[in-house]
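Reading through the structure tokens given below for one structure.
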Amino acid sequence: MSGEASTPGASPRAPRPGTQKSSGTVTKKGDRGAKEKPVLVLPPVGEEEPKNPEEYQCTGVLETDFAELCTRSGYTDFPKVVTRPRPHQAFIPSASMSEKPAQDDQRLSASCSLNSLESKYVFFRPTIQVELEPEDKWVKEIYIRGWRVEERILGIFSKCLPPLSQLQAINLWKVGLTDKTLSTFIALLPLCAPTLRKVSLEGNPLPEQSYHKLMAADSPIAHLSLRNNNIDDHGAQLLGQALSTLRSCNRTLVSLNLAFNHIGDAGAGYIADGLRLNRALLWLSLAHNRIQDQGALKLAEVLRPFELTHTEVVERRRLLLEKGTQERSRSVNSAALVEKTDKTQTTKTPKGLSKKKEKSGGESVRKEEKSGSGQSPTQGTPKKEDPTKSGKGKVTIPEQKTSKGKGPKTGNKEKRSFLLESELVAEATETVNPLLEPVEHRNGKVFVPGNKVLLHLNLLRNRITEVGLEGFLATVQHQAQFSKSKSPSKGPVGLLRLSLAKNCFSPQCPAYTTIQELMLPRAPITKAKPREEETT
């Protein structure tokens with residue numbers, strides 16, 4: 001009883017006689033472990049974070065931003081961001097390597113095979129490959145290949161891609177795009193940096209073939225690659241309409257790659273219709289398609305002077321009328337500005353005259369000279385006599401100061417009018433409609449000079465015969481003659497590279513050989529050689 005009374009802090013259950021202290025400590029540690037265990041299991045509370053992924057502010061580092069946004073959105077296994085591997089240099093074995101015995105090679109064969117298998121699996125694992133700037137290590141290009149890009153991933157990209165200030169290209173190869181995900185991807189592009197100009201969507205066939213949405217008027221894309229997308233004549237029709245119509249024209253797209261598709265003669269005709277009024281596209285590839293002679297003739301016809309249709313003639317007349325009304329309004333506005341300047345100058349000159357009269361006193365000759373600088377038009381003749389009487393250097397200064405008179409006023413008016421016209425012309429040259437180019441009338445028909453802006457056309461491995469080849473021969477002959485009569489600095493001169501090999505004609509065909517002879521001096525590489533010889 002005395003032993004039980006001496007332990008007031010003991011538990012109500014009586015411990016065993018030899019383990020009072022140790023059992024107390026064990027039970028306390030067990031209680032602590034029982035209390036700490038649920039705390040260690042509590043990280044699932046972090047699952048509440050995916051409910052508010054918008055709270056995260058991107059830092060501009062794609063690797064950390066993408067991982068954080070994926071975890072907040074509830075992704076457990078998401079692709080990693082890695083640098084794009086570079087091709088290795090050719091391995092040249094040295095003498096010391098050749099002297100090694102074959103036993104070492106046998107010992108290392110098993111480990112090498114395992115490493116090679118692991119590397120192959122790592123290669124096919126879904127990743128986001130990035131190419132970095134060599135100095136600043138900013139993300140320059142993004143490569144995604146071989147795994148399905150869903151709409152949730154595009155939503156994450158819409159948050160982590162805009163902070164990349166140096167992003168220039170996005171390449172999506174076989175990512176399972178649909179028409180819906182393509183529309184979300186297009187909505188993502190304006191959010192990115194203005195340096196993004198190149199988009200490659202290869203191996204992504206769409207049922208509706210809505211690739212033309214990438215070539216909208218407000219699209220920032222300058223280089224677009226649509227290879228291996230099963231684009232047929234219907235898709236080519238949509239793309240041709242995106243290049244140009246009577247009322248709209250794409251002015252940002254510079255290169256378009258449509259190789260390895262199913263475009264036939266009708267599709268080539270639609271692309272040619274788009275080239276009729278497009279003056280921005282410089283590079284076009286239609287290689288590995290199904291184009292025959294009819295489509296080739298349509299493409300060749302657009303690159304030399306062609307006849308305008310009735311609707312195009314009507315549209316040209318409408319544009320000429322609008323241009324005339326704009327020029328009249330400009331002349332009226334310039335005349336109004338000139339009248340305002342005259343009024344302001346005439347109101348300023350009497351104040352100057354009154355001050356000069358107070359200062360001059362009774363000297364009438366000086367008053368007349370000073371008043372002539374501001375009012376009388378007959379004072380221009382004595383100014384011309386001054387250079388004969390005095391030095392030329394001293395006379396040029398008062399002529400510049402007397403710009404308030406009527407004779408020099410015309411110069412200022414002309415300068416102002418020229419400034420206004422130059423600004424308007426600068427704006428107009430950027431948005432000139434090809435229908436307003438100088439035309440030629442032949443037998444009651446209107447002919448436009450044709451598309452001289454396209455520099456590169458690739459038609460490798462199609463189904464063109466000698467019939468279609470004759471059309472390109474006529475085009476190349478016309479452009480060669482046109483380039484001789486016009487200096488290159490005054491504007492475009494036509495094709496610099498034309499690829500027609502691997503078609504349904506013999507390489508020794510006379511038309512093909514003459515095309516090659518005519519295109520050889522026009523190629524940029526062959527042009528640079530004689531220039532180097534001249535400099536040496």
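Here, A, B, ... name the chains of the structure tokens in the order displayed, residue numbers run from 1 inside each chain, and ligands are numbered from 1 in the same displayed order.
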
Inset, instruction - Using DSSP on the backbone coordinates, identify all residues within range 52-280 of chain A classified as strand (DSSP E); present the result as an NGL selection string. - result: :A and (80-83 or 127-132 or 139-145 or 169-173 or 198-202 or 223-225 or 255-257)

Do you know which residues are at most 10 Å from Cys160 in chain A counting only C-alpha atoms, after dropping those on the same chain fewer than 3 positions away, and could you put them as a PDB file with all heavy atoms, in the first residue's frame?
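So the final result, stored in selection12.pdb, reads:
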```
ATOM      1  N   GLN A  57       2.774  32.237 -59.916  1.00  0.00           N
ATOM      2  CA  GLN A  57       3.338  33.198 -60.858  1.00  0.00           C
ATOM      3  C   GLN A  57       4.588  32.593 -61.478  1.00  0.00           C
ATOM      4  O   GLN A  57       5.528  32.234 -60.765  1.00  0.00           O
ATOM      5  CB  GLN A  57       3.672  34.506 -60.145  1.00  0.00           C
ATOM      6  CG  GLN A  57       2.440  35.248 -59.637  1.00  0.00           C
ATOM      7  CD  GLN A  57       2.810  36.558 -58.969  1.00  0.00           C
ATOM      8  OE1 GLN A  57       3.989  36.887 -58.824  1.00  0.00           O
ATOM      9  NE2 GLN A  57       1.805  37.312 -58.572  1.00  0.00           N
ATOM     10  N   CYS A  58       4.580  32.495 -62.802  1.00  0.00           N
ATOM     11  CA  CYS A  58       5.696  31.869 -63.512  1.00  0.00           C
ATOM     12  C   CYS A  58       6.943  32.731 -63.413  1.00  0.00           C
ATOM     13  O   CYS A  58       6.878  33.971 -63.442  1.00  0.00           O
ATOM     14  CB  CYS A  58       5.321  31.627 -64.970  1.00  0.00           C
ATOM     15  SG  CYS A  58       3.973  30.447 -65.170  1.00  0.00           S
ATOM     16  N   THR A  59       8.085  32.069 -63.323  1.00  0.00           N
ATOM     17  CA  THR A  59       9.364  32.755 -63.163  1.00  0.00           C
ATOM     18  C   THR A  59      10.120  32.931 -64.473  1.00  0.00           C
ATOM     19  O   THR A  59      11.135  33.616 -64.489  1.00  0.00           O
ATOM     20  CB  THR A  59      10.246  31.966 -62.188  1.00  0.00           C
ATOM     21  OG1 THR A  59      10.448  30.643 -62.710  1.00  0.00           O
ATOM     22  CG2 THR A  59       9.571  31.852 -60.819  1.00  0.00           C
ATOM     23  N   GLY A  60       9.668  32.304 -65.542  1.00  0.00           N
ATOM     24  CA  GLY A  60      10.387  32.380 -66.804  1.00  0.00           C
ATOM     25  C   GLY A  60      11.327  31.219 -67.035  1.00  0.00           C
ATOM     26  O   GLY A  60      11.945  31.133 -68.095  1.00  0.00           O
ATOM     27  N   VAL A  61      11.459  30.304 -66.051  1.00  0.00           N
ATOM     28  CA  VAL A  61      12.257  29.082 -66.199  1.00  0.00           C
ATOM     29  C   VAL A  61      11.277  27.958 -66.518  1.00  0.00           C
ATOM     30  O   VAL A  61      10.488  27.553 -65.661  1.00  0.00           O
ATOM     31  CB  VAL A  61      13.063  28.785 -64.930  1.00  0.00           C
ATOM     32  CG1 VAL A  61      13.892  27.522 -65.101  1.00  0.00           C
ATOM     33  CG2 VAL A  61      13.940  29.967 -64.572  1.00  0.00           C
ATOM     34  N   LEU A  62      11.319  27.457 -67.741  1.00  0.00           N
ATOM     35  CA  LEU A  62      10.303  26.514 -68.200  1.00  0.00           C
ATOM     36  C   LEU A  62      10.314  25.233 -67.384  1.00  0.00           C
ATOM     37  O   LEU A  62       9.251  24.659 -67.101  1.00  0.00           O
ATOM     38  CB  LEU A  62      10.524  26.214 -69.688  1.00  0.00           C
ATOM     39  CG  LEU A  62       9.495  25.291 -70.346  1.00  0.00           C
ATOM     40  CD1 LEU A  62       8.112  25.896 -70.287  1.00  0.00           C
ATOM     41  CD2 LEU A  62       9.891  25.011 -71.788  1.00  0.00           C
ATOM     42  N   GLU A  63      11.464  24.766 -66.988  1.00  0.00           N
ATOM     43  CA  GLU A  63      11.546  23.495 -66.269  1.00  0.00           C
ATOM     44  C   GLU A  63      10.800  23.554 -64.943  1.00  0.00           C
ATOM     45  O   GLU A  63       9.975  22.685 -64.622  1.00  0.00           O
ATOM     46  CB  GLU A  63      13.014  23.134 -66.048  1.00  0.00           C
ATOM     47  CG  GLU A  63      13.216  21.772 -65.402  1.00  0.00           C
ATOM     48  CD  GLU A  63      14.689  21.419 -65.286  1.00  0.00           C
ATOM     49  OE1 GLU A  63      15.526  22.231 -65.718  1.00  0.00           O
ATOM     50  OE2 GLU A  63      14.988  20.324 -64.766  1.00  0.00           O
ATOM     51  N   THR A  64      11.037  24.601 -64.169  1.00  0.00           N
ATOM     52  CA  THR A  64      10.384  24.720 -62.867  1.00  0.00           C
ATOM     53  C   THR A  64       8.915  25.120 -63.015  1.00  0.00           C
ATOM     54  O   THR A  64       8.048  24.610 -62.292  1.00  0.00           O
ATOM     55  CB  THR A  64      11.120  25.749 -62.016  1.00  0.00           C
ATOM     56  OG1 THR A  64      11.145  27.009 -62.706  1.00  0.00           O
ATOM     57  CG2 THR A  64      12.541  25.304 -61.743  1.00  0.00           C
ATOM     58  N   ASP A  65       8.633  26.013 -63.943  1.00  0.00           N
ATOM     59  CA  ASP A  65       7.246  26.464 -64.106  1.00  0.00           C
ATOM     60  C   ASP A  65       6.350  25.325 -64.573  1.00  0.00           C
ATOM     61  O   ASP A  65       5.242  25.144 -64.045  1.00  0.00           O
ATOM     62  CB  ASP A  65       7.188  27.621 -65.103  1.00  0.00           C
ATOM     63  CG  ASP A  65       7.853  28.870 -64.562  1.00  0.00           C
ATOM     64  OD1 ASP A  65       8.031  28.957 -63.331  1.00  0.00           O
ATOM     65  OD2 ASP A  65       8.199  29.760 -65.373  1.00  0.00           O
ATOM     66  N   PHE A  66       6.797  24.554 -65.544  1.00  0.00           N
ATOM     67  CA  PHE A  66       5.969  23.469 -66.064  1.00  0.00           C
ATOM     68  C   PHE A  66       5.748  22.397 -65.000  1.00  0.00           C
ATOM     69  O   PHE A  66       4.627  21.891 -64.836  1.00  0.00           O
ATOM     70  CB  PHE A  66       6.643  22.867 -67.300  1.00  0.00           C
ATOM     71  CG  PHE A  66       5.835  21.789 -67.964  1.00  0.00           C
ATOM     72  CD1 PHE A  66       4.740  22.110 -68.743  1.00  0.00           C
ATOM     73  CD2 PHE A  66       6.173  20.452 -67.797  1.00  0.00           C
ATOM     74  CE1 PHE A  66       3.987  21.110 -69.355  1.00  0.00           C
ATOM     75  CE2 PHE A  66       5.434  19.453 -68.407  1.00  0.00           C
ATOM     76  CZ  PHE A  66       4.327  19.787 -69.185  1.00  0.00           C
ATOM     77  N   ALA A  67       6.795  22.046 -64.257  1.00  0.00           N
ATOM     78  CA  ALA A  67       6.646  21.034 -63.208  1.00  0.00           C
ATOM     79  C   ALA A  67       5.700  21.511 -62.112  1.00  0.00           C
ATOM     80  O   ALA A  67       4.837  20.749 -61.636  1.00  0.00           O
ATOM     81  CB  ALA A  67       8.017  20.690 -62.627  1.00  0.00           C
ATOM     82  N   GLU A  68       5.822  22.747 -61.710  1.00  0.00           N
ATOM     83  CA  GLU A  68       4.964  23.266 -60.643  1.00  0.00           C
ATOM     84  C   GLU A  68       3.510  23.341 -61.083  1.00  0.00           C
ATOM     85  O   GLU A  68       2.597  22.971 -60.333  1.00  0.00           O
ATOM     86  CB  GLU A  68       5.472  24.653 -60.215  1.00  0.00           C
ATOM     87  CG  GLU A  68       4.719  25.257 -59.049  1.00  0.00           C
ATOM     88  CD  GLU A  68       4.934  24.492 -57.752  1.00  0.00           C
ATOM     89  OE1 GLU A  68       5.963  23.799 -57.641  1.00  0.00           O
ATOM     90  OE2 GLU A  68       4.072  24.589 -56.858  1.00  0.00           O
ATOM     91  N   LEU A  69       3.273  23.807 -62.298  1.00  0.00           N
ATOM     92  CA  LEU A  69       1.890  23.902 -62.779  1.00  0.00           C
ATOM     93  C   LEU A  69       1.276  22.516 -62.977  1.00  0.00           C
ATOM     94  O   LEU A  69       0.071  22.336 -62.751  1.00  0.00           O
ATOM     95  CB  LEU A  69       1.856  24.690 -64.085  1.00  0.00           C
ATOM     96  CG  LEU A  69       2.126  26.189 -63.969  1.00  0.00           C
ATOM     97  CD1 LEU A  69       2.281  26.815 -65.342  1.00  0.00           C
ATOM     98  CD2 LEU A  69       1.002  26.882 -63.209  1.00  0.00           C
ATOM     99  N   LEU A 154      -2.071  22.027 -72.943  1.00  0.00           N
ATOM    100  CA  LEU A 154      -2.060  23.316 -73.635  1.00  0.00           C
ATOM    101  C   LEU A 154      -2.458  24.446 -72.693  1.00  0.00           C
ATOM    102  O   LEU A 154      -1.953  25.574 -72.806  1.00  0.00           O
ATOM    103  CB  LEU A 154      -3.003  23.259 -74.838  1.00  0.00           C
ATOM    104  CG  LEU A 154      -2.560  22.360 -75.998  1.00  0.00           C
ATOM    105  CD1 LEU A 154      -3.634  22.303 -77.063  1.00  0.00           C
ATOM    106  CD2 LEU A 154      -1.254  22.848 -76.603  1.00  0.00           C
ATOM    107  N   GLY A 155      -3.378  24.159 -71.760  1.00  0.00           N
ATOM    108  CA  GLY A 155      -3.707  25.172 -70.761  1.00  0.00           C
ATOM    109  C   GLY A 155      -2.528  25.512 -69.874  1.00  0.00           C
ATOM    110  O   GLY A 155      -2.332  26.680 -69.497  1.00  0.00           O
ATOM    111  N   ILE A 156      -1.707  24.503 -69.546  1.00  0.00           N
ATOM    112  CA  ILE A 156      -0.488  24.777 -68.770  1.00  0.00           C
ATOM    113  C   ILE A 156       0.507  25.562 -69.611  1.00  0.00           C
ATOM    114  O   ILE A 156       1.181  26.482 -69.119  1.00  0.00           O
ATOM    115  CB  ILE A 156       0.102  23.453 -68.269  1.00  0.00           C
ATOM    116  CG1 ILE A 156      -0.844  22.803 -67.254  1.00  0.00           C
ATOM    117  CG2 ILE A 156       1.474  23.661 -67.644  1.00  0.00           C
ATOM    118  CD1 ILE A 156      -0.452  21.400 -66.853  1.00  0.00           C
ATOM    119  N   PHE A 157       0.615  25.211 -70.898  1.00  0.00           N
ATOM    120  CA  PHE A 157       1.515  25.966 -71.778  1.00  0.00           C
ATOM    121  C   PHE A 157       1.094  27.427 -71.897  1.00  0.00           C
ATOM    122  O   PHE A 157       1.943  28.314 -72.033  1.00  0.00           O
ATOM    123  CB  PHE A 157       1.547  25.323 -73.167  1.00  0.00           C
ATOM    124  CG  PHE A 157       2.409  24.092 -73.247  1.00  0.00           C
ATOM    125  CD1 PHE A 157       2.140  23.077 -74.151  1.00  0.00           C
ATOM    126  CD2 PHE A 157       3.506  23.951 -72.419  1.00  0.00           C
ATOM    127  CE1 PHE A 157       2.925  21.953 -74.217  1.00  0.00           C
ATOM    128  CE2 PHE A 157       4.309  22.822 -72.477  1.00  0.00           C
ATOM    129  CZ  PHE A 157       4.006  21.821 -73.381  1.00  0.00           C
ATOM    130  N   PRO A 163       5.965  33.888 -70.439  1.00  0.00           N
ATOM    131  CA  PRO A 163       7.153  34.531 -69.846  1.00  0.00           C
ATOM    132  C   PRO A 163       8.453  34.279 -70.593  1.00  0.00           C
ATOM    133  O   PRO A 163       9.456  34.928 -70.280  1.00  0.00           O
ATOM    134  CB  PRO A 163       7.212  33.909 -68.436  1.00  0.00           C
ATOM    135  CG  PRO A 163       5.838  33.450 -68.155  1.00  0.00           C
ATOM    136  CD  PRO A 163       5.293  33.007 -69.462  1.00  0.00           C
ATOM    137  N   LEU A 164       8.471  33.346 -71.550  1.00  0.00           N
ATOM    138  CA  LEU A 164       9.706  33.070 -72.302  1.00  0.00           C
ATOM    139  C   LEU A 164       9.893  34.169 -73.342  1.00  0.00           C
ATOM    140  O   LEU A 164       9.308  34.145 -74.415  1.00  0.00           O
ATOM    141  CB  LEU A 164       9.621  31.696 -72.965  1.00  0.00           C
ATOM    142  CG  LEU A 164       9.336  30.514 -72.032  1.00  0.00           C
ATOM    143  CD1 LEU A 164       9.229  29.224 -72.824  1.00  0.00           C
ATOM    144  CD2 LEU A 164      10.418  30.396 -70.959  1.00  0.00           C
ATOM    145  N   CYS A 192       2.212  34.536 -76.506  1.00  0.00           N
ATOM    146  CA  CYS A 192       3.663  34.341 -76.433  1.00  0.00           C
ATOM    147  C   CYS A 192       4.395  35.610 -76.846  1.00  0.00           C
ATOM    148  O   CYS A 192       3.799  36.598 -77.277  1.00  0.00           O
ATOM    149  CB  CYS A 192       4.081  33.167 -77.312  1.00  0.00           C
ATOM    150  SG  CYS A 192       3.375  31.595 -76.801  1.00  0.00           S
TER     151      CYS A 192
END
```

Inset, instruction - Fewer than 3 positions away in the same chain doesn't count, so skip those; otherwise give me all residues within 8 Å of range 471-488 of chain A, counting only C-alpha atoms, as a list in words. - result: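 The contact residues come out as Ala296, Leu297, Ala300, Glu301, Leu303, Arg304, Val467, Gly468, Gly491, Pro492, Val493, Gly494, Leu495, Ala511, Tyr512, Thr514, Ile515, Leu518 and Met519 of chain A.
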
Inset, instruction - Go ahead and compute the interatomic distance for CA of Ala259 in chain A and CA of Arg227 in chain A, in Å to one decimal. - result: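 Separating CA of Ala259 in chain A from CA of Arg227 in chain A is a distance of 5.1 Å.
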
Inset, instruction - Write out as a PyMOL selection string the residues lying within 10 Å of range 150-153 of chain A, counting only C-alpha atoms and excluding same-chain residues fewer than 3 positions away. - result: chain A and resi 66+69-70+73+75+78+147+156-158+175-178+180-182+184-185

Just write the chosen residues, N, CA and C atoms, as a PDB file, in the first residue's frame.
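Written file, result.pdb:
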```pdb
ATOM      1  N   PHE A  66       6.797  24.554 -65.544  1.00  0.00           N
ATOM      2  CA  PHE A  66       5.969  23.469 -66.064  1.00  0.00           C
ATOM      3  C   PHE A  66       5.748  22.397 -65.000  1.00  0.00           C
ATOM      4  N   LEU A  69       3.273  23.807 -62.298  1.00  0.00           N
ATOM      5  CA  LEU A  69       1.890  23.902 -62.779  1.00  0.00           C
ATOM      6  C   LEU A  69       1.276  22.516 -62.977  1.00  0.00           C
ATOM      7  N   CYS A  70       2.085  21.538 -63.387  1.00  0.00           N
ATOM      8  CA  CYS A  70       1.551  20.181 -63.542  1.00  0.00           C
ATOM      9  C   CYS A  70       1.166  19.587 -62.197  1.00  0.00           C
ATOM     10  N   SER A  73      -1.950  21.104 -61.003  1.00  0.00           N
ATOM     11  CA  SER A  73      -3.125  20.666 -61.768  1.00  0.00           C
ATOM     12  C   SER A  73      -3.486  19.215 -61.530  1.00  0.00           C
ATOM     13  N   TYR A  75      -1.330  16.436 -61.990  1.00  0.00           N
ATOM     14  CA  TYR A  75      -0.582  15.446 -62.768  1.00  0.00           C
ATOM     15  C   TYR A  75       0.445  14.771 -61.862  1.00  0.00           C
ATOM     16  N   PHE A  78       4.255  13.421 -65.428  1.00  0.00           N
ATOM     17  CA  PHE A  78       4.246  14.377 -66.529  1.00  0.00           C
ATOM     18  C   PHE A  78       5.627  14.409 -67.174  1.00  0.00           C
ATOM     19  N   TRP A 147       4.197  12.062 -78.201  1.00  0.00           N
ATOM     20  CA  TRP A 147       3.240  11.832 -77.121  1.00  0.00           C
ATOM     21  C   TRP A 147       2.079  12.817 -77.262  1.00  0.00           C
ATOM     22  N   ILE A 156      -1.707  24.503 -69.546  1.00  0.00           N
ATOM     23  CA  ILE A 156      -0.488  24.777 -68.770  1.00  0.00           C
ATOM     24  C   ILE A 156       0.507  25.562 -69.611  1.00  0.00           C
ATOM     25  N   PHE A 157       0.615  25.211 -70.898  1.00  0.00           N
ATOM     26  CA  PHE A 157       1.515  25.966 -71.778  1.00  0.00           C
ATOM     27  C   PHE A 157       1.094  27.427 -71.897  1.00  0.00           C
ATOM     28  N   SER A 158      -0.202  27.683 -71.862  1.00  0.00           N
ATOM     29  CA  SER A 158      -0.665  29.067 -71.977  1.00  0.00           C
ATOM     30  C   SER A 158      -0.223  29.930 -70.805  1.00  0.00           C
ATOM     31  N   VAL A 175       1.782  14.611 -82.233  1.00  0.00           N
ATOM     32  CA  VAL A 175       1.302  14.813 -80.863  1.00  0.00           C
ATOM     33  C   VAL A 175      -0.205  14.598 -80.755  1.00  0.00           C
ATOM     34  N   GLY A 176      -0.839  14.073 -81.806  1.00  0.00           N
ATOM     35  CA  GLY A 176      -2.249  13.747 -81.740  1.00  0.00           C
ATOM     36  C   GLY A 176      -3.164  14.946 -81.644  1.00  0.00           C
ATOM     37  N   LEU A 177      -2.867  15.991 -82.389  1.00  0.00           N
ATOM     38  CA  LEU A 177      -3.724  17.177 -82.359  1.00  0.00           C
ATOM     39  C   LEU A 177      -5.083  16.872 -82.972  1.00  0.00           C
ATOM     40  N   THR A 178      -6.093  17.550 -82.469  1.00  0.00           N
ATOM     41  CA  THR A 178      -7.439  17.524 -83.036  1.00  0.00           C
ATOM     42  C   THR A 178      -7.831  18.941 -83.431  1.00  0.00           C
ATOM     43  N   LYS A 180     -10.104  20.675 -82.149  1.00  0.00           N
ATOM     44  CA  LYS A 180     -10.359  21.442 -80.930  1.00  0.00           C
ATOM     45  C   LYS A 180      -9.058  21.895 -80.288  1.00  0.00           C
ATOM     46  N   THR A 181      -8.110  20.958 -80.147  1.00  0.00           N
ATOM     47  CA  THR A 181      -6.832  21.340 -79.545  1.00  0.00           C
ATOM     48  C   THR A 181      -6.049  22.298 -80.440  1.00  0.00           C
ATOM     49  N   LEU A 182      -6.248  22.207 -81.744  1.00  0.00           N
ATOM     50  CA  LEU A 182      -5.588  23.163 -82.631  1.00  0.00           C
ATOM     51  C   LEU A 182      -6.112  24.572 -82.397  1.00  0.00           C
ATOM     52  N   THR A 184      -7.271  25.771 -79.569  1.00  0.00           N
ATOM     53  CA  THR A 184      -6.683  26.251 -78.322  1.00  0.00           C
ATOM     54  C   THR A 184      -5.210  26.604 -78.500  1.00  0.00           C
ATOM     55  N   PHE A 185      -4.503  25.851 -79.326  1.00  0.00           N
ATOM     56  CA  PHE A 185      -3.104  26.166 -79.603  1.00  0.00           C
ATOM     57  C   PHE A 185      -2.972  27.497 -80.351  1.00  0.00           C
TER      58      PHE A 185
END
```

Legend entry - Distance query Ala280 in chain A at most 8 Å, only C-alpha atoms, self and fewer than 5 positions along chain excluded, as a PyMOL selection string: chain A and resi 250-254+453-454

Restricting it to all heavy atoms, dump the selection as a short mmCIF file (atom, residue, chain, number, x, y, z; two decimals), in the first residue's frame.
```cif
data_model
loop_
_atom_site.label_atom_id
_atom_site.label_comp_id
_atom_site.auth_asym_id
_atom_site.auth_seq_id
_atom_site.Cartn_x
_atom_site.Cartn_y
_atom_site.Cartn_z
N ASN A 250 -2.75 37.51 -96.69
CA ASN A 250 -1.82 37.27 -95.59
C ASN A 250 -0.51 38.00 -95.87
O ASN A 250 0.10 37.80 -96.93
CB ASN A 250 -1.58 35.77 -95.44
CG ASN A 250 -0.70 35.45 -94.26
OD1 ASN A 250 0.50 35.70 -94.27
ND2 ASN A 250 -1.29 34.89 -93.22
N ARG A 251 -0.06 38.82 -94.92
CA ARG A 251 1.14 39.64 -95.11
C ARG A 251 2.27 39.28 -94.15
O ARG A 251 3.28 39.99 -94.10
CB ARG A 251 0.80 41.12 -94.96
CG ARG A 251 -0.15 41.63 -96.02
CD ARG A 251 -0.35 43.13 -95.91
NE ARG A 251 -1.20 43.63 -96.98
CZ ARG A 251 -2.52 43.71 -96.93
NH1 ARG A 251 -3.15 43.33 -95.82
NH2 ARG A 251 -3.22 44.16 -97.95
N THR A 252 2.11 38.21 -93.38
CA THR A 252 3.14 37.82 -92.42
C THR A 252 3.83 36.52 -92.78
O THR A 252 5.01 36.34 -92.44
CB THR A 252 2.53 37.67 -91.02
OG1 THR A 252 1.46 36.72 -91.06
CG2 THR A 252 1.98 39.00 -90.53
N LEU A 253 3.15 35.60 -93.46
CA LEU A 253 3.73 34.30 -93.76
C LEU A 253 4.79 34.44 -94.85
O LEU A 253 4.51 34.96 -95.94
CB LEU A 253 2.64 33.33 -94.19
CG LEU A 253 3.05 31.86 -94.29
CD1 LEU A 253 3.42 31.33 -92.91
CD2 LEU A 253 1.95 31.03 -94.90
N VAL A 254 5.98 33.94 -94.57
CA VAL A 254 7.11 34.05 -95.49
C VAL A 254 7.43 32.71 -96.14
O VAL A 254 7.78 32.66 -97.32
CB VAL A 254 8.35 34.61 -94.76
CG1 VAL A 254 9.56 34.63 -95.67
CG2 VAL A 254 8.06 36.00 -94.23
N VAL A 453 7.53 37.91 -106.39
CA VAL A 453 8.03 37.89 -105.02
C VAL A 453 8.48 36.49 -104.61
O VAL A 453 9.43 36.34 -103.83
CB VAL A 453 6.95 38.43 -104.06
CG1 VAL A 453 7.41 38.36 -102.61
CG2 VAL A 453 6.59 39.86 -104.43
N LEU A 454 7.81 35.45 -105.10
CA LEU A 454 8.17 34.08 -104.74
C LEU A 454 9.58 33.77 -105.26
O LEU A 454 9.85 33.87 -106.46
CB LEU A 454 7.16 33.10 -105.32
CG LEU A 454 7.29 31.65 -104.87
CD1 LEU A 454 6.96 31.52 -103.39
CD2 LEU A 454 6.39 30.75 -105.70
#
```

Inset, instruction - From a DSSP pass on the backbone, collect the residues of range 478-507 of chain A flagged as alpha helix (DSSP H) and hand them back as a ChimeraX atom specification. - result: /A:478-485

Output N, CA, C and O atoms for every residue in that selection, as an mmCIF file, in the first residue's frame.
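As a result, part.cif now contains:
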```cif
data_model
loop_
_atom_site.group_PDB
_atom_site.id
_atom_site.type_symbol
_atom_site.label_atom_id
_atom_site.label_comp_id
_atom_site.auth_asym_id
_atom_site.auth_seq_id
_atom_site.Cartn_x
_atom_site.Cartn_y
_atom_site.Cartn_z
ATOM 1 N N HIS A 478 10.727 34.316 -119.264
ATOM 2 C CA HIS A 478 10.206 35.664 -119.034
ATOM 3 C C HIS A 478 10.898 36.333 -117.854
ATOM 4 O O HIS A 478 11.282 37.507 -117.935
ATOM 5 N N GLN A 479 11.073 35.610 -116.742
ATOM 6 C CA GLN A 479 11.699 36.211 -115.573
ATOM 7 C C GLN A 479 13.167 36.531 -115.814
ATOM 8 O O GLN A 479 13.678 37.538 -115.316
ATOM 9 N N ALA A 480 13.851 35.706 -116.600
ATOM 10 C CA ALA A 480 15.247 36.002 -116.919
ATOM 11 C C ALA A 480 15.367 37.260 -117.762
ATOM 12 O O ALA A 480 16.247 38.100 -117.541
ATOM 13 N N GLN A 481 14.469 37.422 -118.732
ATOM 14 C CA GLN A 481 14.475 38.637 -119.548
ATOM 15 C C GLN A 481 14.081 39.857 -118.718
ATOM 16 O O GLN A 481 14.628 40.947 -118.897
ATOM 17 N N PHE A 482 13.141 39.671 -117.805
ATOM 18 C CA PHE A 482 12.712 40.778 -116.952
ATOM 19 C C PHE A 482 13.817 41.219 -116.011
ATOM 20 O O PHE A 482 14.012 42.418 -115.764
ATOM 21 N N SER A 483 14.580 40.274 -115.463
ATOM 22 C CA SER A 483 15.653 40.624 -114.533
ATOM 23 C C SER A 483 16.802 41.340 -115.236
ATOM 24 O O SER A 483 17.501 42.146 -114.618
ATOM 25 N N LYS A 484 17.010 41.079 -116.525
ATOM 26 C CA LYS A 484 18.063 41.791 -117.246
ATOM 27 C C LYS A 484 17.717 43.254 -117.444
ATOM 28 O O LYS A 484 18.579 44.126 -117.363
ATOM 29 N N SER A 485 16.440 43.540 -117.686
ATOM 30 C CA SER A 485 16.023 44.924 -117.919
ATOM 31 C C SER A 485 15.811 45.692 -116.636
ATOM 32 O O SER A 485 15.597 46.895 -116.668
#
```

Legend entry - All residues 10 Å or closer to Lys298 in chain A, only C-alpha atoms, same chain fewer than 6 positions away omitted, as a ChimeraX atom specification: /A:265-266,268-273,468,471-472

Inset, instruction - Just the residues within 10 Å of Leu246 in chain A, please, counting only C-alpha atoms, with nothing from its chain fewer than 3 positions along; format it as a list in words. - result: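 Residues meeting the cut-off are Gln241, Cys249, Gly274, Arg276, Leu277, Thr311, Glu312, Glu315, Arg316, Asn433 and Leu435 of chain A.
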